[in-house]
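Asks: So that you have it, the file is structure_26.pdb, and it contains PDB, C-alpha atoms, pLDDT in the B column:
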MODEL        1
ATOM      1  CA  MET A 862       0.591  82.487 -19.316  1.00 74.00           C
ATOM      2  CA  ALA A 863       3.156  80.269 -20.952  1.00 85.00           C
ATOM      3  CA  ALA A 864       3.442  76.682 -19.809  1.00 91.00           C
ATOM      4  CA  PRO A 865       6.760  75.500 -18.306  1.00 93.00           C
ATOM      5  CA  SER A 866       9.177  74.370 -20.998  1.00 95.00           C
ATOM      6  CA  LYS A 867       9.566  70.991 -19.335  1.00 96.00           C
ATOM      7  CA  SER A 868       6.718  68.835 -18.160  1.00 96.00           C
ATOM      8  CA  TYR A 869       6.661  67.143 -14.782  1.00 97.00           C
ATOM      9  CA  THR A 870       7.131  63.398 -14.835  1.00 97.00           C
ATOM     10  CA  LEU A 871       6.663  61.224 -11.780  1.00 97.00           C
ATOM     11  CA  ILE A 872       9.769  59.223 -10.846  1.00 97.00           C
ATOM     12  CA  ALA A 873       8.550  55.847  -9.722  1.00 95.00           C
ATOM     13  CA  ASP A 874       9.916  54.184  -6.572  1.00 95.00           C
ATOM     14  CA  SER A 875      11.181  51.350  -8.773  1.00 94.00           C
ATOM     15  CA  SER A 876      13.491  53.818 -10.529  1.00 94.00           C
ATOM     16  CA  ILE A 877      15.287  54.834  -7.367  1.00 95.00           C
ATOM     17  CA  ASP A 878      15.598  51.632  -5.398  1.00 94.00           C
ATOM     18  CA  ALA A 879      18.998  50.190  -4.486  1.00 93.00           C
ATOM     19  CA  ASP A 880      19.336  48.208  -7.719  1.00 91.00           C
ATOM     20  CA  SER A 881      18.303  50.986 -10.070  1.00 94.00           C
ATOM     21  CA  PRO A 882      20.969  52.588 -12.237  1.00 94.00           C
ATOM     22  CA  ILE A 883      21.550  56.301 -12.370  1.00 95.00           C
ATOM     23  CA  ASP A 884      20.963  56.505 -16.071  1.00 96.00           C
ATOM     24  CA  VAL A 885      20.132  59.162 -18.616  1.00 97.00           C
ATOM     25  CA  THR A 886      16.410  58.667 -18.225  1.00 96.00           C
ATOM     26  CA  LEU A 887      16.458  59.177 -14.480  1.00 96.00           C
ATOM     27  CA  MET A 888      18.791  62.175 -14.575  1.00 97.00           C
ATOM     28  CA  THR A 889      16.744  63.780 -17.355  1.00 97.00           C
ATOM     29  CA  ARG A 890      13.579  63.405 -15.334  1.00 97.00           C
ATOM     30  CA  ILE A 891      15.221  64.941 -12.261  1.00 97.00           C
ATOM     31  CA  ARG A 892      16.540  67.851 -14.303  1.00 97.00           C
ATOM     32  CA  ASP A 893      13.286  68.389 -16.216  1.00 98.00           C
ATOM     33  CA  ASN A 894      11.238  68.262 -13.040  1.00 97.00           C
ATOM     34  CA  LEU A 895      13.512  70.915 -11.479  1.00 96.00           C
ATOM     35  CA  ILE A 896      13.154  73.127 -14.561  1.00 96.00           C
ATOM     36  CA  HIS A 897       9.405  72.610 -14.470  1.00 96.00           C
ATOM     37  CA  LEU A 898       9.285  73.640 -10.809  1.00 94.00           C
ATOM     38  CA  GLU A 899      11.636  76.592 -11.270  1.00 92.00           C
ATOM     39  CA  GLU A 900       9.635  77.989 -14.168  1.00 92.00           C
ATOM     40  CA  TRP A 901       6.357  77.471 -12.359  1.00 90.00           C
ATOM     41  CA  LEU A 902       7.594  79.294  -9.255  1.00 88.00           C
ATOM     42  CA  GLY A 903       8.857  82.328 -11.149  1.00 88.00           C
ATOM     43  CA  ASN A 904      11.166  81.774 -14.057  1.00 87.00           C
ATOM     44  CA  GLY A 905      11.992  85.386 -14.858  1.00 88.00           C
ATOM     45  CA  TYR A 906      12.077  86.706 -11.304  1.00 91.00           C
ATOM     46  CA  THR A 907      14.712  86.842  -8.621  1.00 89.00           C
ATOM     47  CA  ALA A 908      14.386  83.826  -6.406  1.00 88.00           C
ATOM     48  CA  ALA A 909      13.463  84.600  -2.804  1.00 88.00           C
ATOM     49  CA  GLN A 910      12.189  82.756   0.225  1.00 89.00           C
ATOM     50  CA  ASP A 911       8.540  83.437   0.858  1.00 88.00           C
ATOM     51  CA  HIS A 912       8.217  85.384  -2.358  1.00 87.00           C
ATOM     52  CA  ASP A 913       5.459  87.924  -2.144  1.00 89.00           C
ATOM     53  CA  HIS A 914       4.166  88.543  -5.687  1.00 89.00           C
ATOM     54  CA  ASP A 915       5.496  92.074  -5.844  1.00 89.00           C
ATOM     55  CA  GLY A 916       6.691  91.930  -9.428  1.00 90.00           C
ATOM     56  CA  VAL A 917      10.316  91.593  -8.231  1.00 90.00           C
ATOM     57  CA  ASN A 918      10.683  88.149  -6.707  1.00 89.00           C
ATOM     58  CA  SER A 919       7.569  86.763  -8.373  1.00 89.00           C
ATOM     59  CA  LYS A 920       4.889  87.864 -10.736  1.00 89.00           C
ATOM     60  CA  THR A 921       2.273  90.263  -9.446  1.00 92.00           C
ATOM     61  CA  PRO A 922      -1.107  88.599  -8.947  1.00 90.00           C
ATOM     62  CA  VAL A 923      -3.860  89.065 -11.510  1.00 92.00           C
ATOM     63  CA  LEU A 924      -7.160  89.234  -9.678  1.00 93.00           C
ATOM     64  CA  ALA A 925     -10.242  87.868 -11.351  1.00 96.00           C
ATOM     65  CA  ASP A 926     -12.923  90.424 -12.155  1.00 96.00           C
ATOM     66  CA  LEU A 927     -15.227  91.136  -9.192  1.00 95.00           C
ATOM     67  CA  SER A 928     -13.009  89.104  -6.856  1.00 95.00           C
ATOM     68  CA  VAL A 929     -12.308  91.968  -4.418  1.00 93.00           C
ATOM     69  CA  THR A 930     -15.160  91.895  -1.965  1.00 95.00           C
ATOM     70  CA  THR A 931     -16.250  94.580   0.496  1.00 93.00           C
ATOM     71  CA  ALA A 932     -14.700  92.630   3.347  1.00 95.00           C
ATOM     72  CA  LYS A 933     -11.290  92.883   1.667  1.00 93.00           C
ATOM     73  CA  ILE A 934     -11.366  96.686   1.729  1.00 94.00           C
ATOM     74  CA  ALA A 935     -10.478  98.528   4.908  1.00 95.00           C
ATOM     75  CA  ALA A 936     -13.178 100.759   6.334  1.00 94.00           C
ATOM     76  CA  THR A 937     -11.505 104.038   5.472  1.00 94.00           C
ATOM     77  CA  ALA A 938      -9.518 102.862   2.466  1.00 94.00           C
ATOM     78  CA  VAL A 939     -11.671 104.502  -0.203  1.00 92.00           C
ATOM     79  CA  THR A 940     -10.969 108.206  -0.107  1.00 94.00           C
ATOM     80  CA  GLY A 941     -12.451 110.929  -2.257  1.00 92.00           C
ATOM     81  CA  ALA A 942      -9.372 110.841  -4.449  1.00 95.00           C
ATOM     82  CA  LYS A 943     -10.163 107.226  -5.316  1.00 92.00           C
ATOM     83  CA  VAL A 944     -13.740 107.906  -6.359  1.00 91.00           C
ATOM     84  CA  SER A 945     -14.285 108.544 -10.043  1.00 92.00           C
ATOM     85  CA  LYS A 946     -15.470 112.051 -10.795  1.00 93.00           C
ATOM     86  CA  THR A 947     -16.038 111.268 -14.456  1.00 95.00           C
ATOM     87  CA  ILE A 948     -19.645 111.781 -15.441  1.00 93.00           C
ATOM     88  CA  ALA A 949     -21.151 108.526 -16.644  1.00 90.00           C
ATOM     89  CA  THR A 950     -24.516 109.825 -17.774  1.00 89.00           C
ATOM     90  CA  SER A 951     -26.354 113.088 -17.748  1.00 89.00           C
ATOM     91  CA  GLY A 952     -29.890 114.028 -18.553  1.00 89.00           C
ATOM     92  CA  SER A 953     -33.137 115.408 -17.281  1.00 91.00           C
ATOM     93  CA  GLN A 954     -36.629 114.319 -16.375  1.00 94.00           C
ATOM     94  CA  ALA A 955     -39.733 116.489 -16.342  1.00 94.00           C
ATOM     95  CA  ILE A 956     -42.052 115.607 -13.479  1.00 95.00           C
ATOM     96  CA  LEU A 957     -45.656 116.637 -13.977  1.00 95.00           C
ATOM     97  CA  THR A 958     -48.105 117.409 -11.218  1.00 94.00           C
ATOM     98  CA  GLY A 959     -49.008 114.227  -9.402  1.00 95.00           C
ATOM     99  CA  ALA A 960     -46.206 112.189 -10.927  1.00 97.00           C
ATOM    100  CA  THR A 961     -43.250 110.583  -9.227  1.00 97.00           C
ATOM    101  CA  TRP A 962     -39.839 109.863 -10.682  1.00 97.00           C
ATOM    102  CA  THR A 963     -37.772 107.041  -9.241  1.00 97.00           C
ATOM    103  CA  PRO A 964     -34.143 107.258 -10.352  1.00 95.00           C
ATOM    104  CA  SER A 965     -32.325 103.993 -10.882  1.00 93.00           C
ATOM    105  CA  ALA A 966     -29.475 102.995  -8.569  1.00 92.00           C
ATOM    106  CA  VAL A 967     -26.900 105.732  -9.011  1.00 91.00           C
ATOM    107  CA  VAL A 968     -24.622 108.200  -7.345  1.00 94.00           C
ATOM    108  CA  GLY A 969     -25.118 111.594  -8.873  1.00 94.00           C
ATOM    109  CA  ASN A 970     -25.716 115.291  -8.711  1.00 96.00           C
ATOM    110  CA  PHE A 971     -29.345 116.268  -9.014  1.00 96.00           C
ATOM    111  CA  ILE A 972     -30.825 119.744  -9.292  1.00 96.00           C
ATOM    112  CA  ASN A 973     -34.375 120.955  -9.731  1.00 94.00           C
ATOM    113  CA  VAL A 974     -34.587 123.561 -12.470  1.00 91.00           C
ATOM    114  CA  GLY A 975     -38.379 123.552 -12.664  1.00 81.00           C
ATOM    115  CA  SER A 976     -40.387 126.701 -12.138  1.00 79.00           C
ATOM    116  CA  ALA A 977     -43.099 124.992 -10.105  1.00 80.00           C
ATOM    117  CA  GLY A 978     -40.871 124.201  -7.176  1.00 85.00           C
ATOM    118  CA  THR A 979     -43.289 121.670  -5.790  1.00 91.00           C
ATOM    119  CA  THR A 980     -41.208 118.509  -6.019  1.00 96.00           C
ATOM    120  CA  ALA A 981     -39.997 116.885  -2.835  1.00 96.00           C
ATOM    121  CA  LEU A 982     -37.401 114.219  -2.297  1.00 96.00           C
ATOM    122  CA  GLU A 983     -38.940 111.189  -0.591  1.00 97.00           C
ATOM    123  CA  LEU A 984     -37.469 108.183   1.169  1.00 97.00           C
ATOM    124  CA  TYR A 985     -39.251 104.894   1.697  1.00 94.00           C
ATOM    125  CA  ILE A 986     -38.733 103.920   5.322  1.00 94.00           C
ATOM    126  CA  SER A 987     -40.690 101.530   7.533  1.00 94.00           C
ATOM    127  CA  GLY A 988     -43.336 100.903   4.909  1.00 91.00           C
ATOM    128  CA  ALA A 989     -44.162 104.495   4.049  1.00 93.00           C
ATOM    129  CA  TRP A 990     -42.871 107.368   1.964  1.00 94.00           C
ATOM    130  CA  HIS A 991     -41.473 110.291   3.914  1.00 96.00           C
ATOM    131  CA  ALA A 992     -41.126 113.606   2.119  1.00 95.00           C
ATOM    132  CA  SER A 993     -38.623 116.339   2.712  1.00 90.00           C
ATOM    133  CA  GLU A 994     -40.140 119.369   4.373  1.00 87.00           C
ATOM    134  CA  ALA A 995     -39.226 121.732   1.579  1.00 88.00           C
ATOM    135  CA  GLN A 996     -39.032 121.258  -2.147  1.00 92.00           C
ATOM    136  CA  PHE A 997     -35.951 119.611  -3.543  1.00 94.00           C
ATOM    137  CA  VAL A 998     -33.421 122.143  -4.822  1.00 94.00           C
ATOM    138  CA  GLY A 999     -30.323 120.087  -5.477  1.00 95.00           C
ATOM    139  CA  GLY A1000     -27.525 117.963  -4.108  1.00 96.00           C
ATOM    140  CA  LEU A1001     -25.448 114.836  -4.344  1.00 96.00           C
ATOM    141  CA  LEU A1002     -27.660 111.786  -3.961  1.00 96.00           C
ATOM    142  CA  ILE A1003     -27.041 108.091  -3.574  1.00 96.00           C
ATOM    143  CA  THR A1004     -29.995 105.877  -4.342  1.00 94.00           C
ATOM    144  CA  ASP A1005     -30.595 102.146  -4.518  1.00 94.00           C
ATOM    145  CA  GLY A1006     -33.073 102.613  -7.359  1.00 93.00           C
ATOM    146  CA  THR A1007     -36.042 101.731  -5.188  1.00 93.00           C
ATOM    147  CA  ASN A1008     -36.304 103.608  -1.930  1.00 95.00           C
ATOM    148  CA  MET A1009     -35.818 107.190  -3.061  1.00 96.00           C
ATOM    149  CA  ARG A1010     -37.997 109.166  -5.421  1.00 97.00           C
ATOM    150  CA  PHE A1011     -39.063 112.631  -6.432  1.00 97.00           C
ATOM    151  CA  ASN A1012     -42.725 113.441  -5.941  1.00 97.00           C
ATOM    152  CA  ASN A1013     -44.364 116.474  -7.497  1.00 96.00           C
ATOM    153  CA  THR A1014     -47.418 117.186  -5.391  1.00 93.00           C
ATOM    154  CA  GLY A1015     -47.981 120.762  -6.509  1.00 88.00           C
ATOM    155  CA  ALA A1016     -49.402 122.441  -9.569  1.00 85.00           C
ATOM    156  CA  GLY A1017     -46.906 122.723 -12.373  1.00 88.00           C
ATOM    157  CA  THR A1018     -44.023 120.838 -13.892  1.00 91.00           C
ATOM    158  CA  ASP A1019     -40.606 120.540 -12.331  1.00 94.00           C
ATOM    159  CA  THR A1020     -37.584 119.261 -14.191  1.00 94.00           C
ATOM    160  CA  ILE A1021     -34.765 117.398 -12.521  1.00 95.00           C
ATOM    161  CA  TYR A1022     -31.347 117.463 -14.134  1.00 94.00           C
ATOM    162  CA  CYS A1023     -28.826 114.870 -13.128  1.00 93.00           C
ATOM    163  CA  GLN A1024     -25.211 113.894 -13.629  1.00 92.00           C
ATOM    164  CA  THR A1025     -24.361 110.383 -12.546  1.00 91.00           C
ATOM    165  CA  PHE A1026     -20.912 108.990 -11.805  1.00 91.00           C
TER     166      PHE A1026
ATOM    167  CA  MET B  15     -48.891 101.410 -19.154  1.00 91.00           C
ATOM    168  CA  LEU B  16     -49.829  99.483 -16.026  1.00 95.00           C
ATOM    169  CA  ILE B  17     -46.758  98.107 -14.325  1.00 96.00           C
ATOM    170  CA  ASP B  18     -47.146  94.385 -13.753  1.00 96.00           C
ATOM    171  CA  LYS B  19     -44.078  92.913 -12.114  1.00 94.00           C
ATOM    172  CA  THR B  20     -45.077  89.426 -13.245  1.00 95.00           C
ATOM    173  CA  ASN B  21     -44.463  90.618 -16.815  1.00 95.00           C
ATOM    174  CA  PRO B  22     -40.781  90.306 -17.816  1.00 95.00           C
ATOM    175  CA  GLU B  23     -41.096  93.629 -19.634  1.00 93.00           C
ATOM    176  CA  PHE B  24     -40.992  95.269 -16.218  1.00 94.00           C
ATOM    177  CA  ASN B  25     -38.059  93.345 -14.786  1.00 92.00           C
ATOM    178  CA  ASP B  26     -36.022  96.535 -14.498  1.00 90.00           C
ATOM    179  CA  VAL B  27     -38.771  98.446 -12.709  1.00 92.00           C
ATOM    180  CA  PRO B  28     -38.578  98.677  -8.893  1.00 91.00           C
ATOM    181  CA  SER B  29     -41.053  96.360  -7.209  1.00 90.00           C
ATOM    182  CA  HIS B  30     -42.769  99.104  -5.236  1.00 90.00           C
ATOM    183  CA  LEU B  31     -43.968 100.621  -8.529  1.00 93.00           C
ATOM    184  CA  ASP B  32     -46.069  97.529  -9.220  1.00 94.00           C
ATOM    185  CA  GLY B  33     -49.600  98.672 -10.022  1.00 95.00           C
ATOM    186  CA  GLN B  34     -48.543 102.206 -10.945  1.00 95.00           C
ATOM    187  CA  ILE B  35     -48.861 103.640 -14.421  1.00 97.00           C
ATOM    188  CA  LEU B  36     -45.509 103.912 -16.170  1.00 96.00           C
ATOM    189  CA  LEU B  37     -45.432 107.059 -18.266  1.00 96.00           C
ATOM    190  CA  GLU B  38     -41.815 107.099 -19.257  1.00 94.00           C
ATOM    191  CA  ARG B  39     -38.497 105.412 -18.755  1.00 93.00           C
ATOM    192  CA  THR B  40     -35.643 107.869 -18.453  1.00 89.00           C
ATOM    193  CA  VAL B  41     -32.919 106.424 -20.645  1.00 86.00           C
ATOM    194  CA  SER B  42     -29.246 107.346 -20.666  1.00 78.00           C
ATOM    195  CA  PRO B  43     -27.257 107.595 -23.908  1.00 74.00           C
ATOM    196  CA  ASP B  44     -25.972 104.064 -23.393  1.00 74.00           C
ATOM    197  CA  GLY B  45     -29.531 102.764 -23.423  1.00 76.00           C
ATOM    198  CA  GLN B  46     -29.785 102.003 -19.725  1.00 76.00           C
ATOM    199  CA  ALA B  47     -32.903 103.022 -17.834  1.00 75.00           C
ATOM    200  CA  THR B  48     -31.970 105.694 -15.332  1.00 84.00           C
ATOM    201  CA  GLY B  49     -35.386 106.263 -13.861  1.00 93.00           C
ATOM    202  CA  TRP B  50     -39.091 105.655 -14.079  1.00 95.00           C
ATOM    203  CA  LEU B  51     -41.786 108.353 -14.258  1.00 96.00           C
ATOM    204  CA  THR B  52     -45.032 107.063 -12.851  1.00 97.00           C
ATOM    205  CA  ILE B  53     -48.449 108.112 -11.619  1.00 97.00           C
ATOM    206  CA  SER B  54     -51.050 106.287  -9.583  1.00 96.00           C
ATOM    207  CA  SER B  55     -53.881 104.427 -11.253  1.00 95.00           C
ATOM    208  CA  ALA B  56     -56.329 106.796  -9.543  1.00 95.00           C
ATOM    209  CA  LEU B  57     -54.688 109.836 -11.101  1.00 95.00           C
ATOM    210  CA  ALA B  58     -54.577 108.067 -14.465  1.00 95.00           C
ATOM    211  CA  ASN B  59     -58.330 107.502 -14.263  1.00 95.00           C
ATOM    212  CA  GLU B  60     -58.874 111.179 -13.459  1.00 94.00           C
ATOM    213  CA  LEU B  61     -56.726 112.205 -16.373  1.00 94.00           C
ATOM    214  CA  LYS B  62     -58.469 109.858 -18.783  1.00 93.00           C
ATOM    215  CA  ALA B  63     -61.720 111.712 -18.091  1.00 94.00           C
ATOM    216  CA  LYS B  64     -60.203 114.996 -19.246  1.00 94.00           C
ATOM    217  CA  THR B  65     -60.350 116.469 -22.730  1.00 95.00           C
ATOM    218  CA  ASP B  66     -57.248 116.766 -24.838  1.00 95.00           C
ATOM    219  CA  ALA B  67     -57.181 120.488 -24.157  1.00 95.00           C
ATOM    220  CA  GLU B  68     -57.256 119.854 -20.433  1.00 93.00           C
ATOM    221  CA  LEU B  69     -54.558 117.233 -20.729  1.00 93.00           C
ATOM    222  CA  GLU B  70     -52.470 119.642 -22.765  1.00 93.00           C
ATOM    223  CA  ALA B  71     -52.792 122.213 -20.006  1.00 91.00           C
ATOM    224  CA  THR B  72     -51.502 119.763 -17.425  1.00 90.00           C
ATOM    225  CA  GLY B  73     -48.720 118.473 -19.667  1.00 92.00           C
ATOM    226  CA  TYR B  74     -50.111 114.938 -19.704  1.00 94.00           C
ATOM    227  CA  LEU B  75     -51.339 114.910 -23.310  1.00 95.00           C
ATOM    228  CA  LYS B  76     -48.099 113.365 -24.544  1.00 94.00           C
ATOM    229  CA  TYR B  77     -48.651 110.492 -22.142  1.00 94.00           C
ATOM    230  CA  LYS B  78     -52.287 109.876 -23.183  1.00 93.00           C
ATOM    231  CA  SER B  79     -51.476 106.577 -24.856  1.00 92.00           C
ATOM    232  CA  GLU B  80     -49.712 105.331 -21.737  1.00 91.00           C
ATOM    233  CA  MET B  81     -52.812 105.786 -19.574  1.00 89.00           C
TER     234      MET B  81
ENDMDL
END
For the file at hand, write its structure as structure tokens.

Replies:
Amino acid sequence: MAAPSKSYTLIADSSIDADSPIDVTLMTRIRDNLIHLEEWLGNGYTAAQDHDHDGVNSKTPVLADLSVTTAKIAATAVTGAKVSKTIATSGSQAILTGATWTPSAVVGNFINVGSAGTTALELYISGAWHASEAQFVGGLLITDGTNMRFNNTGAGTDTIYCQTF
Amino acid sequence: MLIDKTNPEFNDVPSHLDGQILLERTVSPDGQATGWLTISSALANELKAKTDAELEATGYLKYKSEM
């Protein structure tokens, strides 16, 4: 952002008392201070009372990265249309008998393409792992990277494919 | 490889996996870990007692060095 073309200079009380002349120095300072203020408020925009940073009567705000917090977003403001459907990563993980796979914190589609069909989705709740009744087949999952895992308790290898967003 | 959360090498590993055997980190193309394949220490001990042929049959032979 460009600096105002004129700098602000304090006009001392001694320059405006009853005996002070209205000279070039004083008038220049008054003019320069007005230019400084005008350019700072919105030099290239249409002047308006209570300007609202809409790009018309003042420059639109530039938010710092990560400055929009959860509290600033209305409860139902994020619709499906606003969620990115672009795949960020994709891959697969073979899960052998007796092994668990804990995905990192992601939102993604997961499917089980293994032939064993003995891998369950488990959630860690109240200090214990709780397994789904049936084997995991597939679905959209949201995980924090800690409290959800796949656990292959059967005999044979299952392979989980995933697309994360 | 035994997961020891006091070791900075395991900073990215979820804390509840502490004490498990890490067989593999699932890594995305951008190099980020996207998951952790683990087994219990008890299962690792059982597997270590098996022959290579037995490990091959279970699929664990490729993870022999991790146990």

Asks: Give as a list in words every residue of chain B that touches chain A within 7 Å, counting only C-alpha atoms.

Replies: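 My answer is Pro28, Thr40, Ser42, Thr48, Gly49, Trp50, Leu51, Thr52, Ile53 and Gly73 of chain B.
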
Asks: Emit the selected residues as a tab-separated table (two decimals), keeping the file's coordinate frame, including C-alpha atoms.

Replies:
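Generated output (selection02.tsv):
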chain	number	residue	atom	x	y	z
B	28	PRO	CA	-38.58	98.68	-8.89
B	40	THR	CA	-35.64	107.87	-18.45
B	42	SER	CA	-29.25	107.35	-20.67
B	48	THR	CA	-31.97	105.69	-15.33
B	49	GLY	CA	-35.39	106.26	-13.86
B	50	TRP	CA	-39.09	105.66	-14.08
B	51	LEU	CA	-41.79	108.35	-14.26
B	52	THR	CA	-45.03	107.06	-12.85
B	53	ILE	CA	-48.45	108.11	-11.62
B	73	GLY	CA	-48.72	118.47	-19.67

Asks: If you apply the PyMOL selection byres ((chain A and resi 920) around 12) to this file, what residues do you get, as a ChimeraX atom specification?

Replies: /A:862,900-908,912-919,921-923

Asks: Go ahead and save the picked residues with C-alpha atoms, as a JSON list (two decimals), keeping the file's coordinate frame.

Replies:
[["chain", "number", "residue", "atom", "x", "y", "z"],
["A", 862, "MET", "CA", 0.59, 82.49, -19.32],
["A", 900, "GLU", "CA", 9.64, 77.99, -14.17],
["A", 901, "TRP", "CA", 6.36, 77.47, -12.36],
["A", 902, "LEU", "CA", 7.59, 79.29, -9.26],
["A", 903, "GLY", "CA", 8.86, 82.33, -11.15],
["A", 904, "ASN", "CA", 11.17, 81.77, -14.06],
["A", 905, "GLY", "CA", 11.99, 85.39, -14.86],
["A", 906, "TYR", "CA", 12.08, 86.71, -11.30],
["A", 907, "THR", "CA", 14.71, 86.84, -8.62],
["A", 908, "ALA", "CA", 14.39, 83.83, -6.41],
["A", 912, "HIS", "CA", 8.22, 85.38, -2.36],
["A", 913, "ASP", "CA", 5.46, 87.92, -2.14],
["A", 914, "HIS", "CA", 4.17, 88.54, -5.69],
["A", 915, "ASP", "CA", 5.50, 92.07, -5.84],
["A", 916, "GLY", "CA", 6.69, 91.93, -9.43],
["A", 917, "VAL", "CA", 10.32, 91.59, -8.23],
["A", 918, "ASN", "CA", 10.68, 88.15, -6.71],
["A", 919, "SER", "CA", 7.57, 86.76, -8.37],
["A", 921, "THR", "CA", 2.27, 90.26, -9.45],
["A", 922, "PRO", "CA", -1.11, 88.60, -8.95],
["A", 923, "VAL", "CA", -3.86, 89.06, -11.51]]

Asks: Could you jot down the CA of Ile1003 in chain A to CA of Phe971 in chain A separation for me, Å, one decimal place?

Replies: 10.1 Å

Asks: So how many Å separate CA of Ala992 in chain A and CA of Glu60 in chain B, to one decimal?

Replies: 23.7 Å

Asks: Can you tell me how far CA of Gly975 in chain A sits from CA of Val998 in chain A, in Å to one decimal?

Replies: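 It comes out at 9.4 Å.
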
Asks: Once the PyMOL selection byres ((chain A and resi 868-875) around 8) is applied to the coordinates I shared, what remains selected? I want it as number ranges by chain.

Replies: A: 865-867, 876-878, 881, 887, 890, 893-894, 897

Asks: For Gln46 in chain B, which residue among B:Gly33, B:Lys64, B:Asp26, B:Tyr77 is the nearest when counting only C-alpha atoms?

Replies: B:Asp26

Asks: Return as a PDB file with C-alpha atoms, in the frame of the given file the set of residues that the PyMOL selection byres ((chain B and resi 58) around 12) yields on the displayed structure.

Replies:
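Contents of part_11.pdb, freshly written:
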ATOM      1  CA  THR A 958     -48.105 117.409 -11.218  1.00 94.00           C
ATOM      2  CA  GLY A 959     -49.008 114.227  -9.402  1.00 95.00           C
ATOM      3  CA  ALA A 960     -46.206 112.189 -10.927  1.00 97.00           C
TER       4      ALA A 960
ATOM      5  CA  MET B  15     -48.891 101.410 -19.154  1.00 91.00           C
ATOM      6  CA  LEU B  16     -49.829  99.483 -16.026  1.00 95.00           C
ATOM      7  CA  GLY B  33     -49.600  98.672 -10.022  1.00 95.00           C
ATOM      8  CA  GLN B  34     -48.543 102.206 -10.945  1.00 95.00           C
ATOM      9  CA  ILE B  35     -48.861 103.640 -14.421  1.00 97.00           C
ATOM     10  CA  LEU B  36     -45.509 103.912 -16.170  1.00 96.00           C
ATOM     11  CA  LEU B  37     -45.432 107.059 -18.266  1.00 96.00           C
ATOM     12  CA  THR B  52     -45.032 107.063 -12.851  1.00 97.00           C
ATOM     13  CA  ILE B  53     -48.449 108.112 -11.619  1.00 97.00           C
ATOM     14  CA  SER B  54     -51.050 106.287  -9.583  1.00 96.00           C
ATOM     15  CA  SER B  55     -53.881 104.427 -11.253  1.00 95.00           C
ATOM     16  CA  ALA B  56     -56.329 106.796  -9.543  1.00 95.00           C
ATOM     17  CA  LEU B  57     -54.688 109.836 -11.101  1.00 95.00           C
ATOM     18  CA  ASN B  59     -58.330 107.502 -14.263  1.00 95.00           C
ATOM     19  CA  GLU B  60     -58.874 111.179 -13.459  1.00 94.00           C
ATOM     20  CA  LEU B  61     -56.726 112.205 -16.373  1.00 94.00           C
ATOM     21  CA  LYS B  62     -58.469 109.858 -18.783  1.00 93.00           C
ATOM     22  CA  ALA B  63     -61.720 111.712 -18.091  1.00 94.00           C
ATOM     23  CA  LYS B  64     -60.203 114.996 -19.246  1.00 94.00           C
ATOM     24  CA  LEU B  69     -54.558 117.233 -20.729  1.00 93.00           C
ATOM     25  CA  TYR B  74     -50.111 114.938 -19.704  1.00 94.00           C
ATOM     26  CA  LEU B  75     -51.339 114.910 -23.310  1.00 95.00           C
ATOM     27  CA  TYR B  77     -48.651 110.492 -22.142  1.00 94.00           C
ATOM     28  CA  LYS B  78     -52.287 109.876 -23.183  1.00 93.00           C
ATOM     29  CA  SER B  79     -51.476 106.577 -24.856  1.00 92.00           C
ATOM     30  CA  GLU B  80     -49.712 105.331 -21.737  1.00 91.00           C
ATOM     31  CA  MET B  81     -52.812 105.786 -19.574  1.00 89.00           C
TER      32      MET B  81
END

Asks: Hey, can I get the axis-aligned box for range 44-48 of chain B? All listed atoms, 4 Å padding on each side, centre and edge lengths in Å to one decimal, as AutoDock Vina command-line options.

Replies:
--center_x -29.4 --center_y 103.8 --center_z -19.4 --size_x 14.9 --size_y 11.7 --size_z 16.1
